[in-house]
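One file, entry-v5.cif, carrying mmCIF, C-alpha atoms, pLDDT in the B column; chains and numbers go by the auth columns:
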data_model
#
loop_
_atom_site.group_PDB
_atom_site.id
_atom_site.type_symbol
_atom_site.label_atom_id
_atom_site.label_comp_id
_atom_site.label_asym_id
_atom_site.label_seq_id
_atom_site.Cartn_x
_atom_site.Cartn_y
_atom_site.Cartn_z
_atom_site.B_iso_or_equiv
_atom_site.auth_seq_id
_atom_site.auth_asym_id
ATOM 1 C CA MET A 1 7.230 -53.443 23.728 45.00 30 A
ATOM 2 C CA LYS A 2 10.469 -52.514 22.067 48.00 31 A
ATOM 3 C CA ARG A 3 9.054 -53.581 18.684 48.00 32 A
ATOM 4 C CA VAL A 4 5.986 -51.359 19.194 42.00 33 A
ATOM 5 C CA LEU A 5 8.276 -48.472 20.086 45.00 34 A
ATOM 6 C CA PHE A 6 10.307 -49.128 16.956 45.00 35 A
ATOM 7 C CA PHE A 7 7.242 -48.851 14.698 45.00 36 A
ATOM 8 C CA LEU A 8 6.144 -45.672 16.467 46.00 37 A
ATOM 9 C CA LEU A 9 9.577 -44.165 15.930 50.00 38 A
ATOM 10 C CA ALA A 10 9.493 -45.133 12.269 53.00 39 A
ATOM 11 C CA ALA A 11 6.125 -43.396 11.833 51.00 40 A
ATOM 12 C CA ILE A 12 7.320 -40.283 13.657 52.00 41 A
ATOM 13 C CA THR A 13 10.526 -40.184 11.616 54.00 42 A
ATOM 14 C CA GLY A 14 8.607 -40.307 8.353 55.00 43 A
ATOM 15 C CA THR A 15 6.313 -37.476 9.440 53.00 44 A
ATOM 16 C CA VAL A 16 9.002 -35.146 10.739 54.00 45 A
ATOM 17 C CA ALA A 17 11.249 -35.837 7.761 55.00 46 A
ATOM 18 C CA GLN A 18 8.493 -34.559 5.497 54.00 47 A
ATOM 19 C CA ALA A 19 7.835 -31.554 7.740 58.00 48 A
ATOM 20 C CA GLN A 20 11.473 -30.456 7.811 63.00 49 A
ATOM 21 C CA ARG A 21 11.637 -29.873 4.078 69.00 50 A
ATOM 22 C CA ALA A 22 12.268 -26.255 3.206 67.00 51 A
ATOM 23 C CA ASP A 23 9.533 -24.233 1.544 71.00 52 A
ATOM 24 C CA THR A 24 11.180 -23.201 -1.712 72.00 53 A
ATOM 25 C CA SER A 25 8.359 -20.781 -2.532 74.00 54 A
ATOM 26 C CA ILE A 26 9.586 -18.345 0.129 78.00 55 A
ATOM 27 C CA ILE A 27 13.350 -18.849 -0.266 82.00 56 A
ATOM 28 C CA LEU A 28 13.807 -16.578 -3.242 89.00 57 A
ATOM 29 C CA ARG A 29 17.233 -15.819 -4.612 91.00 58 A
ATOM 30 C CA LEU A 30 17.795 -12.184 -3.738 92.00 59 A
ATOM 31 C CA PRO A 31 20.610 -10.207 -5.342 92.00 60 A
ATOM 32 C CA ALA A 32 23.813 -9.921 -3.343 90.00 61 A
ATOM 33 C CA ASP A 33 25.815 -7.232 -5.182 93.00 62 A
ATOM 34 C CA LEU A 34 25.104 -3.674 -4.059 93.00 63 A
ATOM 35 C CA PRO A 35 24.217 -2.182 -7.488 94.00 64 A
ATOM 36 C CA THR A 36 21.588 -4.846 -8.121 94.00 65 A
ATOM 37 C CA VAL A 37 20.243 -4.541 -4.584 94.00 66 A
ATOM 38 C CA SER A 38 19.913 -0.774 -5.064 94.00 67 A
ATOM 39 C CA ARG A 39 18.145 -1.299 -8.373 95.00 68 A
ATOM 40 C CA LEU A 40 15.764 -3.764 -6.745 95.00 69 A
ATOM 41 C CA LYS A 41 14.925 -1.340 -3.964 95.00 70 A
ATOM 42 C CA GLU A 42 14.319 1.460 -6.460 95.00 71 A
ATOM 43 C CA ARG A 43 11.960 -0.790 -8.376 95.00 72 A
ATOM 44 C CA LEU A 44 10.080 -1.718 -5.207 96.00 73 A
ATOM 45 C CA VAL A 45 9.679 1.957 -4.297 94.00 74 A
ATOM 46 C CA GLU A 46 8.519 2.736 -7.828 92.00 75 A
ATOM 47 C CA LEU A 47 5.843 0.042 -7.633 93.00 76 A
ATOM 48 C CA ALA A 48 4.755 1.276 -4.215 91.00 77 A
ATOM 49 C CA MET A 49 4.034 4.712 -5.694 88.00 78 A
ATOM 50 C CA ASN A 50 1.121 3.112 -7.585 87.00 79 A
ATOM 51 C CA ASN A 51 -0.559 2.540 -4.230 81.00 80 A
ATOM 52 C CA PRO A 52 -4.313 3.391 -4.230 80.00 81 A
ATOM 53 C CA GLN A 53 -3.713 5.963 -1.485 78.00 82 A
ATOM 54 C CA ILE A 54 -1.529 8.003 -3.837 78.00 83 A
ATOM 55 C CA LYS A 55 -4.044 7.710 -6.668 79.00 84 A
ATOM 56 C CA ALA A 56 -6.836 8.838 -4.331 79.00 85 A
ATOM 57 C CA LEU A 57 -4.908 12.013 -3.494 72.00 86 A
ATOM 58 C CA ASP A 58 -4.409 12.699 -7.210 76.00 87 A
ATOM 59 C CA ILE A 59 -8.165 12.467 -7.708 78.00 88 A
ATOM 60 C CA LYS A 60 -8.800 14.792 -4.771 77.00 89 A
ATOM 61 C CA LYS A 61 -6.320 17.269 -6.256 76.00 90 A
ATOM 62 C CA GLU A 62 -8.235 17.113 -9.543 79.00 91 A
ATOM 63 C CA ILE A 63 -11.474 17.857 -7.685 76.00 92 A
ATOM 64 C CA THR A 64 -9.973 21.079 -6.288 77.00 93 A
ATOM 65 C CA LYS A 65 -9.486 22.296 -9.873 76.00 94 A
ATOM 66 C CA TYR A 66 -13.210 21.855 -10.495 71.00 95 A
ATOM 67 C CA ASP A 67 -13.906 23.719 -7.249 71.00 96 A
ATOM 68 C CA GLN A 68 -11.739 26.615 -8.437 73.00 97 A
ATOM 69 C CA ASN A 69 -13.573 26.781 -11.762 74.00 98 A
ATOM 70 C CA ARG A 70 -16.950 26.679 -10.029 72.00 99 A
ATOM 71 C CA ALA A 71 -15.903 29.454 -7.643 69.00 100 A
ATOM 72 C CA LYS A 72 -14.633 31.620 -10.499 70.00 101 A
ATOM 73 C CA ALA A 73 -17.914 31.126 -12.334 64.00 102 A
ATOM 74 C CA GLY A 74 -19.586 32.885 -9.418 63.00 103 A
ATOM 75 C CA TRP A 75 -18.429 36.177 -10.904 62.00 104 A
ATOM 76 C CA LEU A 76 -20.857 35.634 -13.784 59.00 105 A
ATOM 77 C CA ASP A 77 -23.717 34.837 -11.439 60.00 106 A
ATOM 78 C CA MET A 78 -23.332 38.181 -9.648 58.00 107 A
ATOM 79 C CA LEU A 79 -23.876 40.248 -12.824 56.00 108 A
ATOM 80 C CA THR A 80 -27.604 40.843 -13.209 55.00 109 A
ATOM 81 C CA ALA A 81 -28.833 43.020 -16.056 50.00 110 A
ATOM 82 C CA ALA A 82 -31.943 45.137 -15.285 50.00 111 A
ATOM 83 C CA GLY A 83 -33.731 47.409 -17.727 51.00 112 A
ATOM 84 C CA ASN A 84 -37.063 48.867 -18.847 52.00 113 A
ATOM 85 C CA LEU A 85 -38.567 50.350 -21.948 49.00 114 A
ATOM 86 C CA ASN A 86 -41.277 53.011 -21.786 51.00 115 A
ATOM 87 C CA GLU A 87 -44.430 52.708 -23.793 50.00 116 A
ATOM 88 C CA PHE A 88 -43.337 55.285 -26.327 48.00 117 A
ATOM 89 C CA THR A 89 -40.247 53.288 -27.121 49.00 118 A
ATOM 90 C CA ILE A 90 -42.422 50.244 -27.680 50.00 119 A
ATOM 91 C CA LYS A 91 -45.496 51.769 -29.341 52.00 120 A
ATOM 92 C CA GLY A 92 -44.100 54.952 -30.760 52.00 121 A
ATOM 93 C CA SER A 93 -45.740 58.428 -30.484 51.00 122 A
ATOM 94 C CA SER A 94 -49.178 59.288 -31.944 52.00 123 A
ATOM 95 C CA GLY A 95 -49.676 62.757 -30.433 52.00 124 A
ATOM 96 C CA GLY A 96 -46.767 64.940 -31.552 52.00 125 A
ATOM 97 C CA THR A 97 -43.330 65.645 -30.153 51.00 126 A
ATOM 98 C CA ALA A 98 -44.337 67.411 -26.982 50.00 127 A
ATOM 99 C CA ASN A 99 -45.266 64.251 -25.119 52.00 128 A
ATOM 100 C CA ASN A 100 -42.225 62.416 -26.366 50.00 129 A
ATOM 101 C CA ASN A 101 -39.883 64.964 -24.883 51.00 130 A
ATOM 102 C CA THR A 102 -41.324 64.464 -21.403 52.00 131 A
ATOM 103 C CA LEU A 103 -40.498 60.725 -21.293 49.00 132 A
ATOM 104 C CA TYR A 104 -36.747 60.471 -21.054 53.00 133 A
ATOM 105 C CA PRO A 105 -34.768 58.280 -21.048 54.00 134 A
ATOM 106 C CA ARG A 106 -36.514 56.221 -23.700 53.00 135 A
ATOM 107 C CA TYR A 107 -34.805 53.095 -22.222 53.00 136 A
ATOM 108 C CA ASN A 108 -32.282 52.243 -19.422 52.00 137 A
ATOM 109 C CA PHE A 109 -30.137 49.287 -18.278 52.00 138 A
ATOM 110 C CA GLY A 110 -28.149 48.653 -15.098 56.00 139 A
ATOM 111 C CA ILE A 111 -25.878 46.122 -13.360 59.00 140 A
ATOM 112 C CA MET A 112 -26.789 44.698 -9.922 62.00 141 A
ATOM 113 C CA VAL A 113 -23.719 43.673 -7.934 62.00 142 A
ATOM 114 C CA PRO A 114 -24.311 41.896 -4.580 64.00 143 A
ATOM 115 C CA LEU A 115 -21.520 43.319 -2.434 61.00 144 A
ATOM 116 C CA GLY A 116 -21.186 40.183 -0.333 64.00 145 A
ATOM 117 C CA HIS A 117 -20.025 38.252 -3.408 63.00 146 A
ATOM 118 C CA LEU A 118 -17.022 40.554 -3.706 66.00 147 A
ATOM 119 C CA ILE A 119 -15.687 38.877 -0.570 65.00 148 A
ATOM 120 C CA SER A 120 -17.118 35.369 -0.727 71.00 149 A
ATOM 121 C CA ILE A 121 -16.132 34.478 -4.293 69.00 150 A
ATOM 122 C CA PRO A 122 -12.402 35.377 -3.986 75.00 151 A
ATOM 123 C CA ASN A 123 -12.304 33.445 -0.698 73.00 152 A
ATOM 124 C CA GLU A 124 -13.871 30.386 -2.332 76.00 153 A
ATOM 125 C CA VAL A 125 -11.244 30.482 -5.079 74.00 154 A
ATOM 126 C CA LYS A 126 -8.456 30.822 -2.506 78.00 155 A
ATOM 127 C CA THR A 127 -9.911 27.965 -0.461 80.00 156 A
ATOM 128 C CA ALA A 128 -9.958 25.665 -3.482 74.00 157 A
ATOM 129 C CA LYS A 129 -6.338 26.547 -4.293 78.00 158 A
ATOM 130 C CA ALA A 130 -5.316 25.998 -0.660 77.00 159 A
ATOM 131 C CA ASN A 131 -6.990 22.570 -0.654 77.00 160 A
ATOM 132 C CA GLY A 132 -4.987 21.687 -3.746 75.00 161 A
ATOM 133 C CA LYS A 133 -1.754 22.598 -1.948 81.00 162 A
ATOM 134 C CA VAL A 134 -2.821 20.533 1.068 76.00 163 A
ATOM 135 C CA PHE A 135 -3.336 17.472 -1.120 76.00 164 A
ATOM 136 C CA ASP A 136 0.084 18.051 -2.705 81.00 165 A
ATOM 137 C CA LEU A 137 1.673 18.040 0.753 80.00 166 A
ATOM 138 C CA GLN A 138 -0.318 14.944 1.738 79.00 167 A
ATOM 139 C CA LYS A 139 0.853 13.203 -1.405 81.00 168 A
ATOM 140 C CA GLU A 140 4.487 13.982 -0.633 86.00 169 A
ATOM 141 C CA GLY A 141 3.985 12.705 2.894 83.00 170 A
ATOM 142 C CA GLU A 142 2.342 9.509 1.627 84.00 171 A
ATOM 143 C CA LYS A 143 5.213 8.960 -0.808 86.00 172 A
ATOM 144 C CA LEU A 144 7.810 9.292 1.954 89.00 173 A
ATOM 145 C CA ALA A 145 5.806 6.964 4.217 88.00 174 A
ATOM 146 C CA LEU A 146 5.386 4.382 1.450 90.00 175 A
ATOM 147 C CA LYS A 147 9.070 4.528 0.572 92.00 176 A
ATOM 148 C CA SER A 148 9.980 3.918 4.197 94.00 177 A
ATOM 149 C CA ALA A 149 7.392 1.141 4.528 93.00 178 A
ATOM 150 C CA VAL A 150 8.481 -0.739 1.409 95.00 179 A
ATOM 151 C CA LEU A 151 12.177 -0.575 2.342 96.00 180 A
ATOM 152 C CA ARG A 152 11.429 -1.780 5.870 97.00 181 A
ATOM 153 C CA ALA A 153 9.294 -4.597 4.486 96.00 182 A
ATOM 154 C CA TYR A 154 12.106 -5.643 2.147 97.00 183 A
ATOM 155 C CA GLU A 155 14.664 -5.646 4.971 96.00 184 A
ATOM 156 C CA ASP A 156 12.285 -7.650 7.158 97.00 185 A
ATOM 157 C CA TYR A 157 11.808 -10.261 4.459 96.00 186 A
ATOM 158 C CA SER A 158 15.525 -10.415 3.674 95.00 187 A
ATOM 159 C CA ALA A 159 16.465 -10.822 7.353 96.00 188 A
ATOM 160 C CA ASN A 160 13.757 -13.415 8.054 96.00 189 A
ATOM 161 C CA LYS A 161 14.785 -15.334 4.965 95.00 190 A
ATOM 162 C CA GLN A 162 18.424 -15.446 6.124 95.00 191 A
ATOM 163 C CA LEU A 163 17.420 -16.590 9.614 95.00 192 A
ATOM 164 C CA TYR A 164 15.262 -19.296 8.085 95.00 193 A
ATOM 165 C CA GLU A 165 18.101 -20.490 5.867 94.00 194 A
ATOM 166 C CA LEU A 166 20.508 -20.527 8.837 94.00 195 A
ATOM 167 C CA GLN A 167 18.054 -22.651 10.778 95.00 196 A
ATOM 168 C CA LEU A 168 17.852 -25.387 8.147 94.00 197 A
ATOM 169 C CA PRO A 169 21.383 -26.821 8.731 95.00 198 A
ATOM 170 C CA LEU A 170 20.761 -26.832 12.484 95.00 199 A
ATOM 171 C CA LEU A 171 17.561 -28.726 11.905 95.00 200 A
ATOM 172 C CA GLU A 172 19.366 -31.167 9.638 95.00 201 A
ATOM 173 C CA ASP A 173 22.077 -31.786 12.261 95.00 202 A
ATOM 174 C CA SER A 174 19.540 -32.447 14.995 95.00 203 A
ATOM 175 C CA TYR A 175 17.651 -34.774 12.687 95.00 204 A
ATOM 176 C CA ASN A 176 20.794 -36.730 11.793 95.00 205 A
ATOM 177 C CA HIS A 177 21.701 -37.005 15.475 94.00 206 A
ATOM 178 C CA TYR A 178 18.230 -38.271 16.288 94.00 207 A
ATOM 179 C CA LYS A 179 18.433 -40.838 13.453 94.00 208 A
ATOM 180 C CA GLN A 180 21.792 -42.097 14.707 93.00 209 A
ATOM 181 C CA VAL A 181 20.474 -42.560 18.233 91.00 210 A
ATOM 182 C CA GLU A 182 17.311 -44.165 16.885 90.00 211 A
ATOM 183 C CA GLN A 183 19.318 -46.648 14.792 90.00 212 A
ATOM 184 C CA LYS A 184 21.496 -47.591 17.748 88.00 213 A
ATOM 185 C CA PHE A 185 18.455 -48.052 19.924 88.00 214 A
ATOM 186 C CA SER A 186 16.704 -50.138 17.265 86.00 215 A
ATOM 187 C CA GLY A 187 19.859 -52.219 16.810 83.00 216 A
ATOM 188 C CA GLY A 188 19.889 -53.128 20.462 82.00 217 A
ATOM 189 C CA ASP A 189 22.923 -51.036 21.467 78.00 218 A
ATOM 190 C CA GLN A 190 23.269 -51.542 25.198 78.00 219 A
ATOM 191 C CA ASN A 191 24.745 -48.033 25.641 78.00 220 A
ATOM 192 C CA THR A 192 21.677 -46.371 24.110 79.00 221 A
ATOM 193 C CA ALA A 193 18.770 -46.095 26.508 86.00 222 A
ATOM 194 C CA VAL A 194 15.280 -44.900 25.745 88.00 223 A
ATOM 195 C CA GLU A 195 16.036 -41.716 27.702 89.00 224 A
ATOM 196 C CA GLY A 196 18.829 -40.869 25.271 88.00 225 A
ATOM 197 C CA LEU A 197 16.466 -41.438 22.366 91.00 226 A
ATOM 198 C CA ASN A 198 13.873 -39.176 23.963 91.00 227 A
ATOM 199 C CA ASP A 199 16.456 -36.451 24.536 92.00 228 A
ATOM 200 C CA ALA A 200 17.578 -36.602 20.911 93.00 229 A
ATOM 201 C CA TYR A 201 13.978 -36.371 19.763 94.00 230 A
ATOM 202 C CA ARG A 202 13.256 -33.392 22.052 95.00 231 A
ATOM 203 C CA ILE A 203 16.248 -31.523 20.607 95.00 232 A
ATOM 204 C CA TYR A 204 15.116 -32.290 17.100 95.00 233 A
ATOM 205 C CA ASN A 205 11.535 -31.300 17.891 95.00 234 A
ATOM 206 C CA ALA A 206 12.719 -27.973 19.348 96.00 235 A
ATOM 207 C CA GLU A 207 14.589 -27.224 16.111 96.00 236 A
ATOM 208 C CA MET A 208 11.446 -28.123 14.159 95.00 237 A
ATOM 209 C CA VAL A 209 9.447 -25.634 16.197 95.00 238 A
ATOM 210 C CA ARG A 210 12.001 -22.907 15.433 96.00 239 A
ATOM 211 C CA LYS A 211 11.848 -23.828 11.763 95.00 240 A
ATOM 212 C CA VAL A 212 8.043 -23.562 11.665 95.00 241 A
ATOM 213 C CA ASN A 213 8.086 -20.177 13.440 96.00 242 A
ATOM 214 C CA LEU A 214 10.780 -18.789 11.149 96.00 243 A
ATOM 215 C CA GLU A 215 8.960 -20.077 8.091 95.00 244 A
ATOM 216 C CA ARG A 216 5.813 -18.303 9.217 95.00 245 A
ATOM 217 C CA GLU A 217 7.719 -15.042 9.716 96.00 246 A
ATOM 218 C CA VAL A 218 9.245 -15.290 6.257 96.00 247 A
ATOM 219 C CA LYS A 219 5.835 -15.848 4.682 95.00 248 A
ATOM 220 C CA GLN A 220 4.239 -13.002 6.612 96.00 249 A
ATOM 221 C CA SER A 221 7.020 -10.553 5.742 96.00 250 A
ATOM 222 C CA LYS A 222 6.754 -11.548 2.075 96.00 251 A
ATOM 223 C CA ILE A 223 2.992 -10.992 2.127 96.00 252 A
ATOM 224 C CA ALA A 224 3.467 -7.577 3.765 96.00 253 A
ATOM 225 C CA LEU A 225 5.984 -6.524 1.114 96.00 254 A
ATOM 226 C CA GLU A 226 3.823 -7.694 -1.777 95.00 255 A
ATOM 227 C CA ALA A 227 0.791 -5.884 -0.336 93.00 256 A
ATOM 228 C CA ILE A 228 2.661 -2.583 -0.612 93.00 257 A
ATOM 229 C CA ILE A 229 4.081 -3.071 -4.107 93.00 258 A
ATOM 230 C CA GLY A 230 0.904 -4.615 -5.517 92.00 259 A
ATOM 231 C CA THR A 231 2.587 -7.590 -7.193 93.00 260 A
ATOM 232 C CA SER A 232 4.561 -10.710 -6.333 94.00 261 A
ATOM 233 C CA LEU A 233 8.217 -10.511 -5.408 94.00 262 A
ATOM 234 C CA GLU A 234 8.891 -13.288 -7.898 94.00 263 A
ATOM 235 C CA GLU A 235 7.548 -11.079 -10.693 93.00 264 A
ATOM 236 C CA VAL A 236 9.798 -8.191 -9.658 94.00 265 A
ATOM 237 C CA LEU A 237 12.909 -10.375 -9.527 93.00 266 A
ATOM 238 C CA LEU A 238 12.043 -11.924 -12.872 91.00 267 A
ATOM 239 C CA HIS A 239 12.103 -8.548 -14.645 89.00 268 A
ATOM 240 C CA LEU A 240 14.928 -6.975 -12.650 85.00 269 A
#
Just give me the structure of the file as structure tokens.
Amino acid sequence: MKRVLFFLLAAITGTVAQAQRADTSIILRLPADLPTVSRLKERLVELAMNNPQIKALDIKKEITKYDQNRAKAGWLDMLTAAGNLNEFTIKGSSGGTANNNTLYPRYNFGIMVPLGHLISIPNEVKTAKANGKVFDLQKEGEKLALKSAVLRAYEDYSANKQLYELQLPLLEDSYNHYKQVEQKFSGGDQNTAVEGLNDAYRIYNAEMVRKVNLEREVKQSKIALEAIIGTSLEEVLLHL
């Protein structure tokens, strides 16, 4: 029975030893000095400004310019030329000057101005300009929100990364303690009971659970940050 337990412990030890290895892909070396940290944050904010939401507002602002031009063109649509030519202007006179003098004016032109357009067209132009100002304000608001979001995401990743790194030595200590108890138990130490071995393993397993949870939080915070800046954090640090 004790030999079976020994082989089970050996299998468990091999599995957990592999699981406790740190994920180096999420433990990036972040700058520690304040000037470099500030430069990194500025770069993250700069990348965040290329967010599709900002670009969409720029396009909407461009559309308002077309709306203004279309509204201004309405002034040309409201000018309608009307005219007529009498038959003497077209055919000329064949019966003397007396008849010609009775048909005046020989031609006439006029301008038809729909009065409603005098109000609607200026209002359409003003509306287009006002929409442009609204999109400018929305863009400023989006920029402030993105700046806040990217800085929060960076702080979340940095804090989660530090917590994860602090957990690793605790996990290592609990693992070493478990191995020591396991070796004593396997060696037949009379002072080491199976209950003590189980307790050591429970402590180690609890530290493993914390490690897995912290690792997940680091990965999620890294994904959230990279979603805002549109590139990998490794790429940003490489060109910092």
Compute the distance from (12.6, -20.3, -1.9) to each atom, counting all atoms listed in the file, keep the residues with any atom at most 12 Å away, and return them as number ranges by chain; use the coordinates of the file. A: 50-59, 186-187, 190-191, 193-194, 244, 247-248, 251, 262-263
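Residues in contact with stretch 62-78 of chain A at 10 Å, where all atoms listed in the file are counted and same-chain residues fewer than 5 positions away are skipped, are listed as Ile83, Lys84, Glu171, Lys172, Leu173, Leu175, Lys176, Ser177, Ala178, Val179, Leu180, Tyr183, Glu184, Leu254, Glu255, Ala256, Ile257, Ile258, Gly259, Thr260, Leu262, Val265, Leu266, His268 and Leu269 of chain A.
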I need the output of the PyMOL selection byres ((chain A and resi 232) around 12) for this file as a ChimeraX atom specification; which residues are they? /A:199-208,225-231,233-239
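When atom CA of A:Lys158 is paired with atom CA of A:Lys94, their separation reads 7.7 Å.
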Using only C-alpha atoms, the residue out of A:Ala174, A:Ala61, A:Ala157, A:Leu166 with shortest distance to A:Leu86 is A:Leu166
What separates atom CA of A:Lys101 and atom CA of A:Pro151 is a distance of 7.8 Å
Stretch 50-61 of chain A, all listed atoms, 4 Å padding on each side: what axis-aligned box centre and edge lengths in Å to one decimal come out, as JSON?
{"center_x": 16.1, "center_y": -19.9, "center_z": -0.6, "size_x": 23.5, "size_y": 28.0, "size_z": 17.4}
Pick out the residues sitting within 9 Å of A:Gln97, and hand them over as an MDAnalysis selection string; count all atoms listed in the file, and ignore anything fewer than 2 positions along from it in its own chain.
-> chainID A and resid 92:95 99:102 153:158
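Interatomic distance, atom CA of A:Asn98 to atom CA of A:Gln167: 22.3 Å.
Using only C-alpha atoms for every distance, the candidate list A:Leu197, A:Ala182, A:Ala222, A:Ala85 yields A:Ala182 as the residue closest to A:Gln249.
Among the candidates A:Asn189, A:Asp87, A:Gln212, A:Arg181, the residue lying nearest to A:Val163 is A:Asp87 (atoms considered: all atoms listed in the file).
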Just add N, CA and C atoms to stretch 171-184 of chain A and send it as a PDB file, in the coordinates of the input.
ATOM      1  N   GLU A 171       2.676  10.911   1.901  1.00 84.00           N
ATOM      2  CA  GLU A 171       2.342   9.509   1.627  1.00 84.00           C
ATOM      3  C   GLU A 171       3.480   8.815   0.874  1.00 84.00           C
ATOM      4  N   LYS A 172       4.104   9.541  -0.048  1.00 86.00           N
ATOM      5  CA  LYS A 172       5.213   8.960  -0.808  1.00 86.00           C
ATOM      6  C   LYS A 172       6.378   8.615   0.119  1.00 86.00           C
ATOM      7  N   LEU A 173       6.712   9.544   1.014  1.00 89.00           N
ATOM      8  CA  LEU A 173       7.810   9.292   1.954  1.00 89.00           C
ATOM      9  C   LEU A 173       7.480   8.111   2.870  1.00 89.00           C
ATOM     10  N   ALA A 174       6.220   8.058   3.326  1.00 88.00           N
ATOM     11  CA  ALA A 174       5.806   6.964   4.217  1.00 88.00           C
ATOM     12  C   ALA A 174       5.840   5.628   3.486  1.00 88.00           C
ATOM     13  N   LEU A 175       5.381   5.614   2.228  1.00 90.00           N
ATOM     14  CA  LEU A 175       5.386   4.382   1.450  1.00 90.00           C
ATOM     15  C   LEU A 175       6.804   3.921   1.149  1.00 90.00           C
ATOM     16  N   LYS A 176       7.671   4.885   0.835  1.00 92.00           N
ATOM     17  CA  LYS A 176       9.070   4.528   0.572  1.00 92.00           C
ATOM     18  C   LYS A 176       9.689   3.884   1.799  1.00 92.00           C
ATOM     19  N   SER A 177       9.456   4.478   2.963  1.00 94.00           N
ATOM     20  CA  SER A 177       9.980   3.918   4.197  1.00 94.00           C
ATOM     21  C   SER A 177       9.380   2.543   4.479  1.00 94.00           C
ATOM     22  N   ALA A 178       8.077   2.408   4.243  1.00 93.00           N
ATOM     23  CA  ALA A 178       7.392   1.141   4.528  1.00 93.00           C
ATOM     24  C   ALA A 178       7.881   0.018   3.629  1.00 93.00           C
ATOM     25  N   VAL A 179       8.069   0.315   2.335  1.00 95.00           N
ATOM     26  CA  VAL A 179       8.481  -0.739   1.409  1.00 95.00           C
ATOM     27  C   VAL A 179       9.927  -1.160   1.665  1.00 95.00           C
ATOM     28  N   LEU A 180      10.786  -0.228   2.038  1.00 96.00           N
ATOM     29  CA  LEU A 180      12.177  -0.575   2.342  1.00 96.00           C
ATOM     30  C   LEU A 180      12.269  -1.380   3.640  1.00 96.00           C
ATOM     31  N   ARG A 181      11.451  -0.999   4.630  1.00 97.00           N
ATOM     32  CA  ARG A 181      11.429  -1.780   5.870  1.00 97.00           C
ATOM     33  C   ARG A 181      10.907  -3.192   5.611  1.00 97.00           C
ATOM     34  N   ALA A 182       9.869  -3.285   4.794  1.00 96.00           N
ATOM     35  CA  ALA A 182       9.294  -4.597   4.486  1.00 96.00           C
ATOM     36  C   ALA A 182      10.299  -5.477   3.753  1.00 96.00           C
ATOM     37  N   TYR A 183      11.080  -4.872   2.871  1.00 97.00           N
ATOM     38  CA  TYR A 183      12.106  -5.643   2.147  1.00 97.00           C
ATOM     39  C   TYR A 183      13.176  -6.134   3.114  1.00 97.00           C
ATOM     40  N   GLU A 184      13.634  -5.252   4.002  1.00 96.00           N
ATOM     41  CA  GLU A 184      14.664  -5.646   4.971  1.00 96.00           C
ATOM     42  C   GLU A 184      14.138  -6.730   5.914  1.00 96.00           C
TER      43      GLU A 184
END
